[in-house]
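A.B. asks: Handing over work.cif, mmCIF, C-alpha atoms and all ligand atoms.
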```cif
data_query
#
loop_
_atom_site.label_atom_id
_atom_site.label_comp_id
_atom_site.auth_asym_id
_atom_site.auth_seq_id
_atom_site.Cartn_x
_atom_site.Cartn_y
_atom_site.Cartn_z
CA MET A 1 0.00 0.00 0.00
CA ALA A 2 1.26 3.50 -0.83
CA LYS A 3 2.53 5.61 2.04
CA PRO A 4 -0.35 7.71 3.40
CA PHE A 5 -0.29 11.50 3.14
CA HIS A 6 -1.39 12.02 6.74
CA LEU A 7 0.76 11.90 9.85
CA ASN A 8 0.30 9.97 13.06
CA THR A 9 -0.63 12.92 15.30
CA PRO A 10 0.12 13.31 19.02
CA LEU A 11 -2.46 12.45 21.68
CA LEU A 12 -1.85 15.06 24.37
CA GLU A 13 -3.30 15.26 27.84
CA SER A 14 -4.82 18.68 28.56
CA VAL A 15 -4.43 19.65 32.19
CA GLY A 16 -6.71 22.68 31.81
CA MET A 17 -9.53 20.77 30.15
CA SER A 18 -9.16 17.79 32.49
CA LYS A 19 -9.60 20.12 35.46
CA ARG A 20 -12.82 21.46 33.96
CA ALA A 21 -14.21 18.10 32.89
CA GLY A 22 -13.37 16.25 36.09
CA THR A 23 -11.84 13.44 34.04
CA THR A 24 -8.71 13.16 31.92
CA VAL A 25 -9.08 14.93 28.58
CA TYR A 26 -6.91 13.81 25.68
CA LEU A 27 -6.46 15.99 22.62
CA LYS A 28 -5.97 14.28 19.27
CA MET A 29 -3.99 17.01 17.55
CA GLU A 30 -5.29 16.87 13.97
CA ASN A 31 -4.44 20.56 13.63
CA SER A 32 -0.85 19.42 13.13
CA GLN A 33 -1.63 17.46 9.97
CA PRO A 34 -0.20 18.72 6.68
CA SER A 35 -2.91 21.06 5.31
CA GLY A 36 -4.01 21.87 8.87
CA SER A 37 -6.87 19.47 9.56
CA PHE A 38 -8.00 15.83 9.75
CA LYS A 39 -9.34 16.12 6.20
CA ILE A 40 -6.03 14.89 4.79
CA ARG A 41 -6.76 11.41 6.17
CA GLY A 42 -9.86 10.80 4.08
CA ILE A 43 -8.94 12.91 1.09
CA GLY A 44 -5.44 11.44 0.95
CA HIS A 45 -6.90 7.95 0.90
CA PHE A 46 -9.58 8.89 -1.63
CA CYS A 47 -7.05 10.43 -4.05
CA GLN A 48 -4.64 7.52 -3.70
CA GLN A 49 -7.45 5.18 -4.69
CA LEU A 50 -9.15 7.24 -7.39
CA ALA A 51 -7.00 10.11 -8.65
CA GLY A 52 -3.81 8.35 -9.78
CA GLU A 53 -4.58 8.63 -13.50
CA SER A 54 -6.53 11.84 -13.14
CA LYS A 55 -5.91 14.92 -15.27
CA GLY A 56 -6.86 17.01 -12.25
CA VAL A 57 -9.07 17.10 -9.18
CA VAL A 58 -11.91 19.43 -8.31
CA CYS A 59 -13.09 19.82 -4.72
CA SER A 60 -15.89 21.92 -3.28
CA SER A 61 -15.08 23.07 0.19
CA GLY A 62 -15.68 25.37 3.09
CA GLY A 63 -11.88 25.52 3.09
CA ASN A 64 -10.21 22.58 4.77
CA ALA A 65 -11.24 19.78 2.45
CA GLY A 66 -9.91 22.03 -0.30
CA MET A 67 -6.64 22.56 1.57
CA ALA A 68 -6.23 18.80 1.85
CA ALA A 69 -7.12 18.20 -1.81
CA ALA A 70 -4.71 20.93 -2.94
CA TYR A 71 -1.91 19.50 -0.79
CA VAL A 72 -2.48 15.94 -2.01
CA ALA A 73 -2.75 17.02 -5.66
CA ARG A 74 0.56 18.89 -5.37
CA GLN A 75 2.20 15.76 -3.94
CA MET A 76 0.71 13.71 -6.79
CA ASN A 77 1.73 16.27 -9.42
CA ILE A 78 -1.79 16.86 -10.66
CA PRO A 79 -3.65 20.18 -10.86
CA ALA A 80 -6.31 21.05 -8.30
CA THR A 81 -9.32 23.33 -8.66
CA ILE A 82 -10.98 24.25 -5.40
CA VAL A 83 -14.46 25.79 -5.40
CA VAL A 84 -15.33 27.72 -2.26
CA PRO A 85 -18.38 29.82 -1.32
CA SER A 86 -18.10 33.57 -0.86
CA SER A 87 -18.35 33.03 2.90
CA SER A 88 -14.79 31.67 2.95
CA PRO A 89 -12.42 34.32 4.29
CA GLN A 90 -9.73 35.78 2.01
CA LEU A 91 -7.00 34.13 4.05
CA VAL A 92 -8.31 30.71 2.99
CA LEU A 93 -8.26 31.67 -0.67
CA GLN A 94 -4.66 32.81 -0.32
CA ARG A 95 -3.63 29.64 1.51
CA LEU A 96 -5.24 27.52 -1.21
CA ARG A 97 -3.36 29.44 -3.90
CA ASP A 98 -0.15 29.02 -1.92
CA GLN A 99 -0.78 25.26 -2.11
CA GLY A 100 -0.77 25.66 -5.88
CA ALA A 101 -4.52 25.34 -6.41
CA THR A 102 -6.75 27.25 -8.80
CA VAL A 103 -9.47 28.81 -6.66
CA LYS A 104 -13.02 29.63 -7.77
CA THR A 105 -15.52 31.43 -5.57
CA VAL A 106 -19.08 30.41 -6.40
CA GLY A 107 -22.30 31.01 -4.46
CA ARG A 108 -22.90 31.94 -0.87
CA VAL A 109 -22.65 28.60 0.93
CA TRP A 110 -20.89 25.27 0.37
CA ASP A 111 -23.90 23.68 -1.37
CA ASP A 112 -23.66 26.32 -4.15
CA ALA A 113 -19.92 25.74 -4.56
CA ASN A 114 -20.55 22.01 -4.70
CA ALA A 115 -22.96 22.35 -7.61
CA GLU A 116 -20.19 24.14 -9.54
CA ALA A 117 -17.62 21.45 -8.65
CA LEU A 118 -19.97 18.76 -9.96
CA ARG A 119 -20.43 20.78 -13.14
CA LEU A 120 -16.65 21.00 -13.64
CA GLN A 121 -16.43 17.25 -13.14
CA ARG A 122 -18.84 16.79 -16.06
CA THR A 123 -17.57 19.49 -18.39
CA GLU A 124 -13.81 19.33 -17.72
CA GLY A 125 -13.45 15.65 -16.92
CA LEU A 126 -11.86 16.38 -13.54
CA THR A 127 -11.93 13.91 -10.66
CA TYR A 128 -14.48 15.16 -8.14
CA VAL A 129 -13.25 15.00 -4.55
CA PRO A 130 -16.20 15.12 -2.14
CA PRO A 131 -15.45 16.91 1.15
CA PHE A 132 -17.43 14.55 3.42
CA ASP A 133 -19.77 12.13 1.68
CA HIS A 134 -17.85 9.08 0.46
CA PRO A 135 -16.91 5.66 1.95
CA LEU A 136 -13.24 6.15 1.01
CA LEU A 137 -13.15 9.36 3.05
CA TRP A 138 -14.68 7.64 6.07
CA HIS A 139 -12.22 4.78 5.72
CA GLY A 140 -9.37 7.30 5.71
CA HIS A 141 -10.78 9.24 8.68
CA ALA A 142 -11.18 6.01 10.69
CA SER A 143 -7.40 5.88 11.10
CA VAL A 144 -7.69 8.64 13.69
CA ILE A 145 -9.30 6.20 16.14
CA ALA A 146 -6.84 3.41 15.40
CA GLU A 147 -4.09 5.86 16.41
CA VAL A 148 -5.93 6.85 19.58
CA ALA A 149 -6.21 3.17 20.52
CA ALA A 150 -2.50 2.63 19.89
CA SER A 151 -1.58 5.72 21.93
CA LEU A 152 -3.80 4.80 24.88
CA GLY A 153 -2.55 1.24 24.90
CA PRO A 154 -4.31 -1.91 26.05
CA GLY A 155 -6.63 -1.54 29.00
CA GLU A 156 -7.46 2.15 28.52
CA ARG A 157 -10.54 3.11 26.50
CA PRO A 158 -12.26 6.48 26.08
CA GLY A 159 -15.28 7.45 28.16
CA ALA A 160 -16.47 9.43 25.14
CA VAL A 161 -15.18 10.88 21.88
CA LEU A 162 -15.96 14.52 21.03
CA VAL A 163 -16.16 15.55 17.38
CA SER A 164 -17.39 18.45 15.29
CA VAL A 165 -19.93 17.72 12.58
CA GLY A 166 -20.19 19.59 9.29
CA GLY A 167 -21.36 17.27 6.54
CA GLY A 168 -20.77 14.28 8.81
CA GLY A 169 -17.69 12.74 7.20
CA LEU A 170 -15.56 12.90 10.33
CA LEU A 171 -18.41 11.45 12.38
CA CYS A 172 -18.75 8.50 9.96
CA GLY A 173 -15.00 7.92 10.11
CA VAL A 174 -15.00 7.99 13.90
CA VAL A 175 -17.89 5.49 14.04
CA GLN A 176 -16.03 3.15 11.69
CA GLY A 177 -12.79 3.60 13.62
CA LEU A 178 -14.55 2.77 16.90
CA ARG A 179 -16.01 -0.37 15.29
CA ASP A 180 -12.59 -1.36 13.94
CA VAL A 181 -11.02 -1.31 17.40
CA GLY A 182 -14.00 -2.85 19.21
CA TRP A 183 -15.16 0.33 20.94
CA THR A 184 -18.67 0.42 19.46
CA ASP A 185 -20.14 1.18 22.89
CA VAL A 186 -18.06 4.34 23.39
CA PRO A 187 -20.43 7.33 23.20
CA ILE A 188 -19.76 10.03 20.61
CA VAL A 189 -20.67 13.63 21.37
CA ALA A 190 -21.37 15.20 17.97
CA MET A 191 -20.99 18.97 18.14
CA GLU A 192 -22.32 21.68 15.85
CA THR A 193 -22.98 25.38 16.17
CA ALA A 194 -26.52 26.75 16.06
CA GLY A 195 -26.99 27.96 12.50
CA ALA A 196 -24.83 25.15 11.03
CA ASP A 197 -26.84 22.36 12.61
CA CYS A 198 -27.90 20.02 9.82
CA PHE A 199 -27.09 16.87 11.83
CA ASN A 200 -28.98 18.03 14.91
CA ALA A 201 -31.94 19.03 12.74
CA ALA A 202 -31.98 15.57 11.16
CA VAL A 203 -31.73 13.80 14.53
CA LYS A 204 -34.60 15.89 15.90
CA ALA A 205 -36.79 15.37 12.83
CA GLY A 206 -35.97 11.69 12.45
CA ARG A 207 -35.16 12.24 8.77
CA LEU A 208 -32.65 14.18 6.66
CA VAL A 209 -33.31 17.90 6.78
CA THR A 210 -32.00 20.62 4.46
CA LEU A 211 -31.42 23.88 6.31
CA ASP A 212 -32.70 27.09 4.70
CA ASP A 213 -29.42 28.85 5.29
CA ILE A 214 -26.12 28.74 7.18
CA THR A 215 -26.17 31.53 9.73
CA SER A 216 -23.25 30.41 11.94
CA GLU A 217 -19.76 31.85 11.59
CA ALA A 218 -18.41 28.28 11.74
CA LYS A 219 -18.56 28.20 7.95
CA CYS A 220 -16.64 24.93 7.70
CA LEU A 221 -19.53 23.23 9.49
CA GLY A 222 -21.88 24.77 6.97
CA ALA A 223 -23.34 22.02 4.85
CA LYS A 224 -27.10 22.44 4.54
CA THR A 225 -27.73 18.67 4.61
CA VAL A 226 -25.77 16.08 6.55
CA CYS A 227 -24.66 12.97 4.67
CA LYS A 228 -27.11 10.05 4.73
CA LYS A 229 -24.66 7.69 6.40
CA ALA A 230 -24.19 10.01 9.40
CA PHE A 231 -27.96 10.19 9.83
CA GLU A 232 -28.23 6.39 9.59
CA TYR A 233 -25.60 6.00 12.30
CA SER A 234 -27.61 8.34 14.53
CA GLN A 235 -30.54 5.91 14.24
CA CYS A 236 -28.43 2.83 14.92
CA SER A 237 -29.27 1.23 18.28
CA GLU A 238 -25.80 -0.25 18.91
CA LEU A 239 -24.27 3.26 18.83
CA THR A 240 -24.62 6.19 21.23
CA ILE A 241 -24.35 9.44 19.30
CA ILE A 242 -25.32 12.49 21.32
CA SER A 243 -26.02 15.48 19.08
CA GLU A 244 -25.50 18.84 20.77
CA LEU A 245 -25.25 22.50 19.81
CA VAL A 246 -23.27 25.44 21.07
CA THR A 247 -23.62 29.09 20.14
CA ASP A 248 -21.08 30.87 17.96
CA GLN A 249 -20.08 32.83 21.07
CA GLN A 250 -19.35 29.59 22.93
CA ALA A 251 -17.34 28.19 19.99
CA LEU A 252 -15.34 31.42 19.74
CA HIS A 253 -14.74 31.49 23.47
CA ALA A 254 -13.44 27.91 23.20
CA VAL A 255 -11.06 28.94 20.40
CA GLU A 256 -9.70 31.74 22.60
CA THR A 257 -9.37 29.60 25.72
CA PHE A 258 -7.64 26.89 23.71
CA LEU A 259 -5.20 29.46 22.34
CA ASP A 260 -4.47 30.77 25.83
CA GLU A 261 -4.15 27.41 27.55
CA GLU A 262 -2.81 25.07 24.85
CA ARG A 263 -1.11 27.76 22.75
CA VAL A 264 -2.75 26.46 19.58
CA LEU A 265 -5.00 28.44 17.23
CA VAL A 266 -7.88 26.52 15.63
CA GLU A 267 -10.93 27.71 13.70
CA MET A 268 -14.56 27.97 14.81
CA ALA A 269 -15.47 24.57 13.35
CA CYS A 270 -13.04 23.01 15.82
CA GLY A 271 -14.12 25.38 18.59
CA ALA A 272 -17.51 23.65 18.53
CA ALA A 273 -15.96 20.38 19.76
CA LEU A 274 -13.74 22.14 22.30
CA ALA A 275 -16.76 24.02 23.63
CA ALA A 276 -18.28 20.72 24.77
CA VAL A 277 -15.71 20.83 27.57
CA TYR A 278 -15.20 24.57 28.02
CA SER A 279 -18.93 25.41 28.15
CA GLY A 280 -19.66 22.72 30.73
CA LEU A 281 -21.77 20.69 28.29
CA VAL A 282 -20.11 17.38 29.16
CA ARG A 283 -20.84 17.98 32.85
CA ARG A 284 -24.46 18.76 31.98
CA LEU A 285 -24.77 15.53 29.97
CA GLN A 286 -23.48 13.68 33.02
CA ASP A 287 -25.99 15.45 35.28
CA GLU A 288 -28.76 14.50 32.87
CA GLY A 289 -27.64 10.87 32.91
CA ARG A 290 -26.84 10.89 29.19
CA LEU A 291 -23.16 10.30 29.93
CA PRO A 292 -22.07 8.21 32.93
CA ALA A 293 -21.36 10.11 36.17
CA LEU A 294 -18.11 8.22 36.45
CA LEU A 295 -16.65 9.00 33.07
CA GLY A 296 -13.51 7.52 31.50
CA PRO A 297 -11.08 9.77 29.63
CA LEU A 298 -12.51 12.10 27.03
CA VAL A 299 -10.91 12.14 23.61
CA VAL A 300 -11.40 15.42 21.75
CA ILE A 301 -10.68 15.30 18.03
CA VAL A 302 -8.95 18.65 17.56
CA CYS A 303 -9.97 18.83 13.90
CA GLY A 304 -7.97 22.03 13.36
CA GLY A 305 -8.68 24.21 10.34
CA SER A 306 -6.98 26.91 8.29
CA SER A 307 -9.75 29.54 8.29
CA ILE A 308 -8.18 31.44 11.16
CA ASP A 309 -5.40 33.90 11.90
CA MET A 310 -5.12 36.78 14.37
CA GLU A 311 -6.93 39.15 12.01
CA GLN A 312 -9.82 36.72 11.49
CA LEU A 313 -9.98 36.06 15.23
CA THR A 314 -10.25 39.79 15.92
CA HIS A 315 -12.87 40.13 13.19
CA LEU A 316 -14.93 37.29 14.69
CA LYS A 317 -14.66 38.80 18.16
CA HIS A 318 -16.02 42.13 16.98
CA LYS A 319 -18.75 40.53 14.94
CA LEU A 320 -19.96 38.14 17.64
CA GLN A 321 -19.74 40.58 20.51
CA ALA A 322 -21.80 43.15 18.60
N1 LIG B 401 -15.23 21.12 6.56
C1 LIG B 401 -15.59 20.78 5.20
C2 LIG B 401 -17.02 20.96 4.89
O1 LIG B 401 -17.40 22.29 4.87
C3 LIG B 401 -14.65 21.50 4.25
O2 LIG B 401 -14.97 21.64 3.09
O3 LIG B 401 -13.56 21.85 4.66
N2 LIG B 401 -13.65 20.58 11.41
C4 LIG B 401 -13.11 21.27 10.40
C5 LIG B 401 -11.94 22.15 10.67
C6 LIG B 401 -13.67 21.18 9.11
O4 LIG B 401 -13.14 21.85 8.10
C7 LIG B 401 -14.81 20.35 8.90
C8 LIG B 401 -15.44 20.17 7.56
C9 LIG B 401 -15.32 19.65 10.01
C10 LIG B 401 -14.72 19.80 11.23
C11 LIG B 401 -16.50 18.75 9.91
O5 LIG B 401 -16.22 17.64 9.12
P1 LIG B 401 -17.32 16.89 8.29
O6 LIG B 401 -17.77 17.79 7.20
O7 LIG B 401 -16.64 15.69 7.82
O8 LIG B 401 -18.43 16.62 9.25
C12 LIG B 401 -18.78 22.50 4.55
#
```
Here is the file; what I need is its structure written in the form of structure tokens.

C.D. replies:
Amino acid sequence: MAKPFHLNTPLLESVGMSKRAGTTVYLKMENSQPSGSFKIRGIGHFCQQLAGESKGVVCSSGGNAGMAAAYVARQMNIPATIVVPSSSPQLVLQRLRDQGATVKTVGRVWDDANAEALRLQRTEGLTYVPPFDHPLLWHGHASVIAEVAASLGPGERPGAVLVSVGGGGLLCGVVQGLRDVGWTDVPIVAMETAGADCFNAAVKAGRLVTLDDITSEAKCLGAKTVCKKAFEYSQCSELTIISELVTDQQALHAVETFLDEERVLVEMACGAALAAVYSGLVRRLQDEGRLPALLGPLVVIVCGGSSIDMEQLTHLKHKLQA
């Protein structure tokens, strides 16, 4: 098998978060992947399987799937076209260009950009790289849990895994990873922001729901419809997937606290998962009996993200405090 594009990332204990959660919190540092997020796992695997003979890839993205596709394409010596919505900040467009990609801005939200990417697949004969909805992506993402299991060692298993949900690709990968290592009973806390809550809306409705609009600033969680597989997993009785929301303010506060305490800057999409600890949500779930009172170590997938720098952080602070 070809060497993967992703790295085996560190699993770090967070003293600050452990103190808040009342149990050990481990951080799976996907922010340190090449291209800045976990997306490289799935997209690297997808491209290795399907893009070898390709005359170029096209990926629709809120930003990070595109960063991964651009990075992988550069390694494979094939051109990459990344289609992003106008909600993606300028800094993302620049970072994509720096990766050697051709960038197109189409529509207001990811779903619009995706329609254009599918059109380019048809008209230009490019290989379409989906950002979250494909079994090869989930297979690639599943490696994150295999690494957690190897890092924890025999005998230690998570009390819960915390993940952010956009289109649901990471969630599907985590479910498959948990199955692979025999941890099917480990609860998953699936985090979104209000206004980018397509998974929560589907869980509540008991069917797939398409949101009218994305109103959250966590644009990389902004798919209007979650992938079907993620919804199916939410209905699966052998799994415990707890879908929860935080506000944009809570996600931003988590980003800031994480920067202060862990000295790592991540974007809002990742802040949603971190906020499960920082906002006291995990404690509340324990009080409500939805997570055990005596909880094993929490594993937070620090999904990372490139849509952030000091300027963007300041911009978000002004916008969300207004
Ligand atoms: N972002 C996708 C989908 O956007 C993208 O195109 O980059 N954390 C970060 C930092 C992300 O960038 C994403 C997805 C997620 C979490 C959620 O992953 P998903 O989409 O697999 O649930 C619209």

A.B. asks: Measuring atom to atom with only C-alpha atoms, identify which of A:Ala160, A:Met29, A:Val58, A:Leu136 is nearest to Leu7 of chain A.

C.D. replies: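 Selected residue with least distance to Leu7 of chain A: A:Met29.
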
A.B. asks: Please find the residues contacting ligand LIG 401 (chain B) at a distance of at most 8 Å between atoms, with all atoms listed in the file counted, and report them as a PyMOL selection string.

C.D. replies: chain A and resi 37-39+60-67+110-111+131-133+163-172+219-223+226+266-270+302-306

A.B. asks: What lies within 10 Å of Pro10 of chain A using only C-alpha atoms, ignoring chain neighbours under 3 positions off, as a list in words?

C.D. replies: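 Near neighbours after the sequence-gap exclusion: Leu7, Glu13, Tyr26, Leu27, Lys28, Met29, Glu30, Ser32, Glu147, Val148 and Ser151 of chain A.
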
A.B. asks: Could you check the closest approach to Ile145 of chain A for each of A:Cys236, A:Leu320, A:Val203, A:Ile301 and tell me which residue wins, using all atoms listed in the file?

C.D. replies: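 Checking each of A:Cys236, A:Leu320, A:Val203, A:Ile301 against Ile145 of chain A, counting all atoms listed in the file, the winner is A:Ile301.
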
A.B. asks: Hey, which of A:Thr23, A:Gln121, A:Ser18, A:Ser237 ends up closest to Gln286 of chain A? Count all atoms listed in the file.

C.D. replies: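 Of the candidates, the smallest distance to Gln286 of chain A is held by A:Thr23.
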
A.B. asks: Using only C-alpha atoms, collect all residues at a distance of at most 8 Å from (-5.4, 21.3, -15.7) as written in the file, then present them as number ranges by chain.

C.D. replies: A: 55-56, 78-80

A.B. asks: Calculated over only C-alpha atoms, which of the candidates A:Leu245, A:Pro158, A:Ala218, A:Glu261 has the smallest distance to Phe199 of chain A?

C.D. replies: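 Between A:Leu245, A:Pro158, A:Ala218, A:Glu261, the residue approaching Phe199 of chain A most closely is A:Leu245.
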
A.B. asks: Find the distance between atom CA of Gly16 of chain A and atom CA of Gln250 of chain A and write it in Å to one decimal.

C.D. replies: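 Spanning atom CA of Gly16 of chain A to atom CA of Gln250 of chain A is a straight-line distance of 16.9 Å.
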
A.B. asks: So that I can check the surroundings of Asp180 of chain A, please list as a list in words every protein, DNA and RNA residue that reaches within 10 Å of it, counting only C-alpha atoms and ignoring chain neighbours fewer than 4 positions away.

C.D. replies: Ala142, Ser143, Ile145, Ala146, Val174, Val175, Gln176 and Thr184 of chain A

A.B. asks: Write out the residues from the selection above, keeping C-alpha atoms, as a JSON list (two decimals), keeping the file's coordinate frame.

C.D. replies:
```json
[["chain", "number", "residue", "atom", "x", "y", "z"],
["A", 142, "ALA", "CA", -11.18, 6.01, 10.69],
["A", 143, "SER", "CA", -7.40, 5.88, 11.10],
["A", 145, "ILE", "CA", -9.30, 6.20, 16.14],
["A", 146, "ALA", "CA", -6.84, 3.41, 15.40],
["A", 174, "VAL", "CA", -15.00, 7.99, 13.90],
["A", 175, "VAL", "CA", -17.89, 5.49, 14.04],
["A", 176, "GLN", "CA", -16.03, 3.15, 11.69],
["A", 184, "THR", "CA", -18.67, 0.42, 19.46]]
```

A.B. asks: For segment 153-157 of chain A, list every protein, DNA or RNA residue within 9 Å, evaluated using all atoms listed in the file, and leave out those in the same chain fewer than 2 positions away; present the list as a PyMOL selection string.

C.D. replies: chain A and resi 148-151+159-160+183+186+296-297

A.B. asks: Quick one: write out the picked residues with C-alpha atoms as a compact mmCIF listing (two decimals), in the frame of the given file?

C.D. replies:
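This went into again_9.txt:
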```txt
# COMPACT_ATOMS: atom_id res chain seq x y z
CA VAL A 148 -5.93 6.85 19.58
CA ALA A 149 -6.21 3.17 20.52
CA ALA A 150 -2.50 2.63 19.89
CA SER A 151 -1.58 5.72 21.93
CA GLY A 159 -15.28 7.45 28.16
CA ALA A 160 -16.47 9.43 25.14
CA TRP A 183 -15.16 0.33 20.94
CA VAL A 186 -18.06 4.34 23.39
CA GLY A 296 -13.51 7.52 31.50
CA PRO A 297 -11.08 9.77 29.63
```

A.B. asks: In terms of the shortest atom-to-atom distance over all atoms listed in the file, which of A:Thr102, A:Gln94, A:Gln33, A:Thr257 is closest to Met17 of chain A?

C.D. replies: A:Thr257
